[in-house]
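Enquirer: What follows is a single structure, and I will ask about it in a moment.
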Amino acid sequence: MSDCTHDCGSCGENCPSRIQFEKLNEFSSVKKVIGVVSGKGGVGKSLVTSLLAVGMAKKGHDVGILDADVTGPSIPKAFGIHAGLEGDETGLYPAISRLGIKVVSSNLLLEDETDPVIWRGPVIAGMVKQFWTDVVWDNVDYMFVDMPPGTGDVPLTVFQSIKLDGIVIVTSPQELVSMIVEKAVKMANKMNIKIYGVVENMSYIKCPDCGKEINLFGKSNINEVAKDFNLKVLGRMPMDAEIAKAVDAGEVETLNAMEYLPDALKEIE
């Protein structure tokens with residue numbers, strides 16, 4: 001339909017583009033689903049996903065992460081999870097982190113976690129659907145979906161298959177930031193999905209001696225960009241060797257998410 005708003009819940013038309021959300025496994029319970037997205041790769045989307053999950057877990061909530069970045073999964077490494085997934089006749093069971101965060105990722109289904117996933121788009125999209133329909137997500141208060149970058153098959157599959165409560169957009173301070181944010185905003189608007197706000201990663205470096213913030217990529221214009229698209233700035237995260245060290249060691253849960261993303265955690269709660 002030329003005048004389609006993508007709000008299928010209030011539409012009586014039976015058109016080919018009608019969104020049909022996939023049903024959860026009958027043994028699952030998920031209360032709130034938040035997608036973490038970006039218009040391009042390499043901006044720290046998985047880091048933000050991990051910190052949001054850790055922050056909510058430390059607040060006492062039951063948390064899950066659905067790693068939809070099938071060909072570039074990094075969530076298991078950040079949490080130090082290497083064991084494969086198990087299942088039975090009721091479904092597949094997530095791996096459990098030290099804090100009790102439930103994690104499902106393609107890396108946990110490979111014989112060797114360094115093996116590449118060389119699949120075409122429809123197969124990858126099908127796996128993401130199965131992570132939602134075939135996994136037993138037991139009593140999850142907040143599920144975070146770590147999306148692949150861009151606006152291709154898999155992000156579209158997530159938007160059309162999983163009823164998201166909203167998304168968090170992740171970007172970086174380079175000159176392309178406006179275009180990156182605009183792509184994500186336009187896709188969310190076309191799919192009628194709420195945008196909680198935007199997080200700028202790699203925003204600055206803090207001098208270890210005086211504590212002064214150094215803008216490595218030049219002055220940030222995230223506030224202006226957010227204003228242009230009527231978005232909230234949910235956080236500006238530094239380039240920090242301690243963050244990188246913790247993620248590389250599989251110890252992202254030792255980081256203080258409230259230090260880095262307090263406004264983001266408050267906004268989605």
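Following the order of the structure tokens, chains are lettered A, B, ..., residues in each are numbered from 1, and ligands are numbered from 1.
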Give me the residues within 12 Å of segment 94-102 of chain A as a VMD selection string, counting only C-alpha atoms and dropping any in the same chain fewer than 6 places off.

Expert: chain A and resid 28 30 50 to 67 75 to 87 108 to 109 131 to 132 134 to 145 250 to 254

Enquirer: I'd like the neighbourhood of Tyr196 of chain A as a list in words, where a residue qualifies if any of its atoms comes within 12 Å (using only C-alpha atoms), though same-chain residues fewer than 4 positions away should be ignored.

Expert: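 What passes the distance filter is Ile34, Gly35, Val36, Val37, Leu164, Asp165, Gly166, Ile167, Val168, Ile169, Val170, Val185, Ala188, Ala226, Asn230, Leu231, Lys232, Val233, Leu234, Gly235, Asp263, Ala264, Leu265, Lys266, Glu267, Ile268 and Glu269 of chain A.
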
Enquirer: DSSP on the backbone: which residues in segment 19-264 of chain A end up as strand (DSSP E or B)? Give the answer as number ranges by chain.

Expert: A: 30-37, 63-67, 86-88, 91-93, 95-96, 102-104, 135, 140-146, 166-171, 195-200, 205-206, 213-214, 233-236

Enquirer: With distances taken over only C-alpha atoms, which residue among A:Gln174, A:Thr114, A:Gln130, A:Ser203 lies nearest Thr157 of chain A?

Expert: A:Gln130

Enquirer: I'd like to know which of A:Val181, A:Leu216, A:Met258, A:Val158 is closest to Gly126 of chain A, using only C-alpha atoms.

Expert: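 Result for the nearest residue to Gly126 of chain A: A:Val158.
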
Enquirer: Using atom CA of Asp248 of chain A and atom CA of Val33 of chain A as the two end points, give the distance in Å to one decimal.

Expert: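 Interatomic distance here is 26.5 Å.
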
Enquirer: Could you write out, as JSON, numbers by chain, all the residues of segment 21-157 of chain A that DSSP marks as helix (DSSP H, G or I)?

Expert: {"A": [45, 46, 47, 48, 49, 50, 51, 52, 53, 54, 55, 56, 57, 58, 75, 76, 77, 78, 79, 106, 107, 108, 109, 121, 122, 123, 124, 125, 126, 127, 128, 129, 130, 131, 132, 133, 153, 154, 155, 156, 157]}

Enquirer: At what distance in Å, to one decimal, does atom CA of Lys40 of chain A lie from atom CA of Ala125 of chain A?

Expert: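 If I compute the distance from atom CA of Ala125 of chain A to atom CA of Lys40 of chain A, I get 18.4 Å.
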
Enquirer: Calculated over only C-alpha atoms, which of the candidates A:Pro155, A:Pro262, A:Pro149, A:Pro238 has the smallest distance to Gly72 of chain A?

Expert: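 For Gly72 of chain A, the nearest of the candidates is A:Pro149.
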
Enquirer: Could you jot down the atom CA of Lys206 of chain A to atom CA of Glu182 of chain A separation for me, Å, one decimal place?

Expert: 28.4 Å

Enquirer: Choose the residue, out of A:Ala68, A:Asp209, A:Arg236, A:Val43, that has the smallest atom-to-atom separation from Asn223 of chain A; count only C-alpha atoms.

Expert: A:Arg236
